[in-house]
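To keep things clear, I will list the structure first and then write my remarks on it.
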Amino acid sequence: MNRWLVGLCVAALGAVYADRPNVIMIFADDLGPEMLGCYGQKIVKTPHIDRLAAEGIKFTNYYGGTFCAPSRWTLLTGMHDGRMGGWKQTQAGLPIERDAGRITEEEYRKRMEEIKASADPITPNEVMLGQIGQQAGYKTAQVGKLDRGFLTWHERVKRHGWDHYVGYYDHVRCHGYYPPYLWRNGERFELEGNPLSNCGKMSEEGNEPVGSGGKTYSQNIFIEEVLRYIRENKDHPFFLYHPTQLPHGPVAIPELHPDFADDPRLSLSEKKYASMVKMLDDHVGLIMAELKKQGLDDKTLVFFASDNGHATYYNHGNESLNTLFAKQLKPDGTKTNLTDDKWRLSEFEDVFNGAGGRAGQKRSGFQGGIQCPLIVRWPGKIKAGGATALLSAHYDFMATIADVMGVPVPKGKDSISYLPTLLGQEQRQKHDYVIVGTRMRTMGSGAVIDKDGWKVIEVGPAHKPSYQLYNILKDNNEYYNLEDQHPEKTEALANILKREIDSERPDLVAGPNP
């Protein structure tokens, strides 16, 4: 090919790229919607995330998973997590065993190979989230809590479609914020002043002195990597996925934010937690400022979401609220139930009211465990200050960015693009229902929510389940079980749920993708 033709091709490619935005997904960890000012938070100010909502659109009927690994699986695969494989995570913690000297390097390598061999395989025709960007000619990057969980490795991260990555391979190591080392594109790099093999993981009580755990805080490394990536790739379209650890506990922070250091309403663990949410918001501000500095603000589509519902890694002088949830106890020690006295943070001592009155929290199939924030900003394309009750879920992100980037949605995916809603157009394709699968039974199990606002949730033991019915458009906090008034609706939705849990994956039998 002569130079003239090469130049013509490059110019044409540049014209195509110019019409497509960069895409950034900031994925918070265990952040309930009501921890954000734009969703109703009163104590922690989140001006940067609130500005995303003020300049974009906020979703109010949006679903993740019940905890981190299936939530990330559904985001990365474009499939609901009731499908086969949605709950097949690798065993984590092995690197800590080796780093602590409890096993030899030889034993570590042997067991790591066993984990790889037993891991849920990625078939040749499976399309993962990062590959959507690659197919569109974008550069792709992931920074933070890598993969879907719980333990991954270089080849697997690359198979997911990430050209560049920095972060943790092991999600148990993610429970500490002071790792001795992290990984960058298959190469290990050390972090100064972090000697602890458990990455400085704190206690569930969160009462250790501020700054305990080490010297180099992981989130400071991650935000530096994110900003650097934006600077170094400003002249080429990029897709950047940032699954931050914040504000997953146990709580740890280098210093308390001035807003909370002397707040008499808060215990030490609550001050730490609030400071972590505040850092998350500050990092969003740094990302948006860097986009403006590089002239990319109007050329970048920014998503902000969280993996699952709220989690309480703090306490107010009593037993950890996470512990009380696991026992289904109130702070006074009395037992809750799933009929007229459900476990609700709003009725206990959650000073932040992070679940906003919803029943349950992380690891529950009730709304407090699965309803998540989603905010999307795209200047000049998305009308500022909007809100939508469109029924949608993490697995819709894949189809949405495929539409944005101008590539086909992979065959057989459960994902439906919500780009028309973002652009203020008619949303012709909608879900009849969304599925949230879970094998946990602490407080409800799997759930199905339909387009008319009806929700069925499985409760009771696995060998003898029963089903409750709610209308979440009228009763999002799930006070009123309507199964007796609408037995036919309950049965119909329960049958859908039973059919979808552990169902085959149509994307793997749909034939080769382009």
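In the structure tokens, chains take letters A, B, ... by order of appearance, with residues numbered from 1 within each chain and ligands from 1 in the order shown.
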Counting only C-alpha atoms, which residues in segment 148-262 of chain A sit no more than 10 Å from segment 103-115 of chain A? For each one, give the nearest pair of atoms and the distance in Å, sorted by chain then residue number, as CSV.
residue,atom,partner,partner_atom,distance
A:Leu151,CA,A:Ile115,CA,8.6
A:Thr152,CA,A:Ile115,CA,9.3
A:Trp153,CA,A:Met112,CA,9.5
Atom pair atom CA of Met279 of chain A / atom CA of Trp343 of chain A: separation (Å): 29.1 Å
Which of A:Leu301, A:Ile26, A:Ala399, A:Gly37 sits closest to Lys278 of chain A [using only C-alpha atoms]: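 That would be A:Gly37, the residue with the smallest distance to Lys278 of chain A.
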Contacts of His242 of chain A at 7 Å (only C-alpha atoms; same-chain gap of 6+ positions) as number ranges by chain: A: 25-27, 142-144
The selected residues should be written to file as a short mmCIF file (atom, residue, chain, number, x, y, z; two decimals), in the first residue's frame (atoms: N, CA and C atoms).
data_model
loop_
_atom_site.label_atom_id
_atom_site.label_comp_id
_atom_site.auth_asym_id
_atom_site.auth_seq_id
_atom_site.Cartn_x
_atom_site.Cartn_y
_atom_site.Cartn_z
N MET A 25 -15.80 3.93 33.22
CA MET A 25 -16.70 3.38 34.22
C MET A 25 -15.99 3.38 35.56
N ILE A 26 -16.50 4.15 36.53
CA ILE A 26 -16.00 4.16 37.90
C ILE A 26 -16.96 3.27 38.71
N PHE A 27 -16.42 2.17 39.24
CA PHE A 27 -17.23 1.13 39.86
C PHE A 27 -16.90 1.06 41.34
N GLN A 142 -7.93 -1.47 32.78
CA GLN A 142 -8.61 -1.74 34.05
C GLN A 142 -7.64 -1.41 35.18
N VAL A 143 -8.11 -0.62 36.15
CA VAL A 143 -7.27 -0.22 37.27
C VAL A 143 -8.03 -0.44 38.56
N GLY A 144 -7.52 -1.33 39.43
CA GLY A 144 -8.13 -1.52 40.74
C GLY A 144 -8.28 -2.98 41.11
#
Need to verify the contact set: Leu423 of chain A, 10 Å, only C-alpha atoms, exclusion of same-chain residues closer than 6 positions in sequence. Can you return it as a JSON list (two decimals) with N, CA and C atoms, in the first residue's frame?
[["chain", "number", "residue", "atom", "x", "y", "z"],
["A", 57, "ILE", "N", -27.59, 12.06, 34.02],
["A", 57, "ILE", "CA", -28.83, 11.36, 34.35],
["A", 57, "ILE", "C", -28.60, 10.36, 35.46],
["A", 378, "TRP", "N", -22.59, 12.81, 29.84],
["A", 378, "TRP", "CA", -22.01, 12.97, 28.50],
["A", 378, "TRP", "C", -22.42, 14.35, 28.00],
["A", 380, "GLY", "N", -23.49, 17.59, 26.17],
["A", 380, "GLY", "CA", -23.97, 17.81, 24.83],
["A", 380, "GLY", "C", -24.80, 16.68, 24.27],
["A", 381, "LYS", "N", -24.82, 15.54, 24.93],
["A", 381, "LYS", "CA", -25.59, 14.38, 24.48],
["A", 381, "LYS", "C", -26.68, 13.99, 25.47],
["A", 382, "ILE", "N", -26.34, 13.99, 26.77],
["A", 382, "ILE", "CA", -27.30, 13.64, 27.82],
["A", 382, "ILE", "C", -27.80, 14.93, 28.45],
["A", 383, "LYS", "N", -29.11, 15.08, 28.51],
["A", 383, "LYS", "CA", -29.70, 16.27, 29.11],
["A", 383, "LYS", "C", -29.38, 16.33, 30.60]]
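Among A:Glu126, A:Glu478, A:Asp298, A:Glu225, the residue with the shortest atom-to-atom distance to Tyr165 of chain A, counting only C-alpha atoms, is A:Glu225.
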Residues flagged strand (DSSP E) by DSSP in segment 65-176 of chain A, as a PyMOL selection string: chain A and resi 139-145+164-168
Report as a compact mmCIF listing (two decimals) with N, CA and C atoms, in the first residue's frame all protein, DNA and RNA residues lying within 6 Å of Gly161 of chain A, evaluated on only C-alpha atoms, omitting residues in the same chain fewer than 3 positions from it.
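Final output, saved to part18.txt:
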# COMPACT_ATOMS: atom_id res chain seq x y z
N GLY A 130 -14.12 -5.98 28.11
CA GLY A 130 -12.99 -5.26 27.54
C GLY A 130 -12.86 -5.48 26.04
N GLN A 131 -13.29 -6.64 25.56
CA GLN A 131 -13.18 -6.94 24.14
C GLN A 131 -14.10 -6.08 23.29
N LYS A 158 -5.93 -10.58 30.64
CA LYS A 158 -5.76 -10.22 29.23
C LYS A 158 -6.89 -10.82 28.39
DSSP helix (DSSP H, G or I) residues within segment 189-329 of chain A, as a PyMOL selection string: chain A and resi 218-232+268-293+297-299+321-327
Generate the output file for the selected residues, N, CA and C atoms, as a compact mmCIF listing (two decimals), in the first residue's frame.
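And here's again_8.txt as it stands now:
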# COMPACT_ATOMS: atom_id res chain seq x y z
N SER A 218 -3.34 2.00 48.79
CA SER A 218 -3.58 1.50 47.43
C SER A 218 -4.36 2.47 46.57
N GLN A 219 -5.33 3.15 47.14
CA GLN A 219 -6.16 4.04 46.33
C GLN A 219 -5.39 5.23 45.78
N ASN A 220 -4.36 5.65 46.49
CA ASN A 220 -3.52 6.72 45.96
C ASN A 220 -2.73 6.24 44.75
N ILE A 221 -2.32 4.98 44.78
CA ILE A 221 -1.65 4.40 43.61
C ILE A 221 -2.61 4.33 42.43
N PHE A 222 -3.82 3.89 42.71
CA PHE A 222 -4.79 3.71 41.62
C PHE A 222 -5.17 5.03 40.96
N ILE A 223 -5.41 6.06 41.76
CA ILE A 223 -5.83 7.32 41.14
C ILE A 223 -4.68 7.91 40.32
N GLU A 224 -3.45 7.74 40.77
CA GLU A 224 -2.30 8.20 39.98
C GLU A 224 -2.24 7.45 38.65
N GLU A 225 -2.52 6.15 38.67
CA GLU A 225 -2.50 5.35 37.45
C GLU A 225 -3.62 5.78 36.50
N VAL A 226 -4.80 6.04 37.04
CA VAL A 226 -5.93 6.48 36.23
C VAL A 226 -5.62 7.80 35.54
N LEU A 227 -5.13 8.75 36.30
CA LEU A 227 -4.83 10.07 35.72
C LEU A 227 -3.72 9.99 34.69
N ARG A 228 -2.72 9.17 34.97
CA ARG A 228 -1.64 8.98 33.99
C ARG A 228 -2.16 8.37 32.70
N TYR A 229 -3.04 7.40 32.84
CA TYR A 229 -3.58 6.75 31.66
C TYR A 229 -4.35 7.74 30.79
N ILE A 230 -5.14 8.60 31.41
CA ILE A 230 -5.88 9.62 30.66
C ILE A 230 -4.91 10.53 29.91
N ARG A 231 -3.87 10.98 30.59
CA ARG A 231 -2.89 11.88 29.95
C ARG A 231 -2.20 11.20 28.77
N GLU A 232 -1.77 9.96 28.98
CA GLU A 232 -0.97 9.28 27.97
C GLU A 232 -1.79 8.79 26.78
N LEU A 268 -15.30 6.36 65.84
CA LEU A 268 -14.06 6.34 65.06
C LEU A 268 -14.25 5.57 63.76
N SER A 269 -14.90 4.41 63.81
CA SER A 269 -15.08 3.63 62.58
C SER A 269 -15.97 4.37 61.59
N GLU A 270 -16.97 5.10 62.09
CA GLU A 270 -17.82 5.88 61.19
C GLU A 270 -17.07 7.04 60.57
N LYS A 271 -16.18 7.65 61.32
CA LYS A 271 -15.35 8.73 60.77
C LYS A 271 -14.45 8.20 59.66
N LYS A 272 -13.90 7.01 59.87
CA LYS A 272 -13.06 6.39 58.84
C LYS A 272 -13.88 6.10 57.59
N TYR A 273 -15.04 5.50 57.80
CA TYR A 273 -15.88 5.14 56.66
C TYR A 273 -16.29 6.38 55.87
N ALA A 274 -16.72 7.40 56.57
CA ALA A 274 -17.11 8.65 55.90
C ALA A 274 -15.94 9.23 55.12
N SER A 275 -14.74 9.13 55.68
CA SER A 275 -13.54 9.64 54.99
C SER A 275 -13.25 8.83 53.74
N MET A 276 -13.55 7.54 53.76
CA MET A 276 -13.35 6.70 52.58
C MET A 276 -14.32 7.09 51.46
N VAL A 277 -15.59 7.33 51.83
CA VAL A 277 -16.57 7.78 50.83
C VAL A 277 -16.15 9.15 50.29
N LYS A 278 -15.66 10.00 51.19
CA LYS A 278 -15.21 11.33 50.77
C LYS A 278 -14.02 11.22 49.81
N MET A 279 -13.10 10.29 50.06
CA MET A 279 -11.97 10.09 49.15
C MET A 279 -12.46 9.61 47.79
N LEU A 280 -13.42 8.71 47.78
CA LEU A 280 -14.00 8.26 46.52
C LEU A 280 -14.53 9.44 45.73
N ASP A 281 -15.27 10.31 46.39
CA ASP A 281 -15.81 11.49 45.71
C ASP A 281 -14.68 12.42 45.22
N ASP A 282 -13.67 12.61 46.06
CA ASP A 282 -12.54 13.45 45.66
C ASP A 282 -11.83 12.88 44.43
N HIS A 283 -11.72 11.54 44.37
CA HIS A 283 -11.06 10.92 43.22
C HIS A 283 -11.89 11.09 41.95
N VAL A 284 -13.20 11.05 42.07
CA VAL A 284 -14.05 11.36 40.92
C VAL A 284 -13.78 12.79 40.46
N GLY A 285 -13.62 13.69 41.42
CA GLY A 285 -13.30 15.08 41.08
C GLY A 285 -11.98 15.21 40.36
N LEU A 286 -10.98 14.44 40.79
CA LEU A 286 -9.67 14.48 40.12
C LEU A 286 -9.76 13.96 38.69
N ILE A 287 -10.54 12.90 38.49
CA ILE A 287 -10.71 12.35 37.15
C ILE A 287 -11.38 13.37 36.24
N MET A 288 -12.44 14.01 36.73
CA MET A 288 -13.14 14.98 35.90
C MET A 288 -12.27 16.20 35.61
N ALA A 289 -11.47 16.61 36.59
CA ALA A 289 -10.56 17.74 36.38
C ALA A 289 -9.50 17.40 35.33
N GLU A 290 -9.00 16.16 35.35
CA GLU A 290 -8.00 15.76 34.37
C GLU A 290 -8.59 15.72 32.96
N LEU A 291 -9.82 15.27 32.85
CA LEU A 291 -10.48 15.28 31.54
C LEU A 291 -10.57 16.70 30.99
N LYS A 292 -10.95 17.64 31.83
CA LYS A 292 -11.02 19.03 31.40
C LYS A 292 -9.63 19.55 31.01
N LYS A 293 -8.64 19.24 31.82
CA LYS A 293 -7.28 19.71 31.56
C LYS A 293 -6.77 19.20 30.22
N ASP A 297 -13.22 16.65 28.18
CA ASP A 297 -14.45 16.67 28.97
C ASP A 297 -15.68 16.38 28.11
N ASP A 298 -15.81 17.07 26.98
CA ASP A 298 -16.96 16.89 26.12
C ASP A 298 -16.86 15.62 25.27
N LYS A 299 -15.69 14.99 25.30
CA LYS A 299 -15.45 13.82 24.46
C LYS A 299 -15.45 12.53 25.27
N LEU A 321 -22.70 -3.85 62.62
CA LEU A 321 -23.97 -4.04 61.93
C LEU A 321 -23.89 -5.17 60.93
N ASN A 322 -22.71 -5.38 60.32
CA ASN A 322 -22.54 -6.52 59.43
C ASN A 322 -22.77 -7.84 60.18
N THR A 323 -22.23 -7.90 61.41
CA THR A 323 -22.41 -9.10 62.23
C THR A 323 -23.87 -9.29 62.61
N LEU A 324 -24.53 -8.20 62.97
CA LEU A 324 -25.95 -8.28 63.31
C LEU A 324 -26.77 -8.74 62.10
N PHE A 325 -26.40 -8.27 60.91
CA PHE A 325 -27.12 -8.71 59.72
C PHE A 325 -26.96 -10.22 59.52
N ALA A 326 -25.73 -10.71 59.67
CA ALA A 326 -25.49 -12.14 59.49
C ALA A 326 -26.32 -12.98 60.45
N LYS A 327 -26.56 -12.44 61.65
CA LYS A 327 -27.36 -13.13 62.65
C LYS A 327 -28.84 -12.78 62.57
Within 12 Å of Ala462 of chain A using only C-alpha atoms, minus same-chain residues under 2 positions, as a list in words: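 Once the nearby chain positions are removed, what remains is Thr438, Arg439, Met440, Arg441, Thr442, Gly444, Ser445, Gly446, Glu458, Val459, Gly460, Lys464, Pro465, Ser466, Tyr467 and Lys498 of chain A.
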Non-local contacts of Val509 of chain A (10 Å; only C-alpha atoms; under 4 positions in same chain excluded) as a PyMOL selection string: chain A and resi 125-126+411-412+504-505
Can you write out the residues you just picked, keeping C-alpha atoms, as a CSV table (one decimal), in the first residue's frame?
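Okay, again_29.csv is ready:
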chain,number,residue,atom,x,y,z
A,125,ASN,CA,-16.4,-17.5,21.3
A,126,GLU,CA,-17.2,-15.8,24.6
A,411,LYS,CA,-25.0,-12.7,20.1
A,412,GLY,CA,-27.0,-14.3,22.9
A,504,GLU,CA,-27.7,-22.3,30.1
A,505,ARG,CA,-25.8,-19.4,28.6
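Using only C-alpha atoms for every distance, the candidate list A:Leu94, A:Pro373, A:Gln427, A:Leu493 yields A:Leu493 as the residue closest to Asp452 of chain A.
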From A:His310, A:His463, A:Lys45, A:Arg72, residue lying nearest Pro258 of chain A [only C-alpha atoms]: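 Checking each candidate against Pro258 of chain A, we get A:Lys45 as the closest.
If you measure from each of A:Gln425, A:Asn61, A:Thr216, A:Asn353 to Ile43 of chain A using only C-alpha atoms, the closest one turns out to be A:Asn353.
For the residues A:Ile24, A:Leu329, A:Met84, A:Val376, ranking by smallest atom-to-atom distance to Ala54 of chain A using only C-alpha atoms places A:Val376 first.
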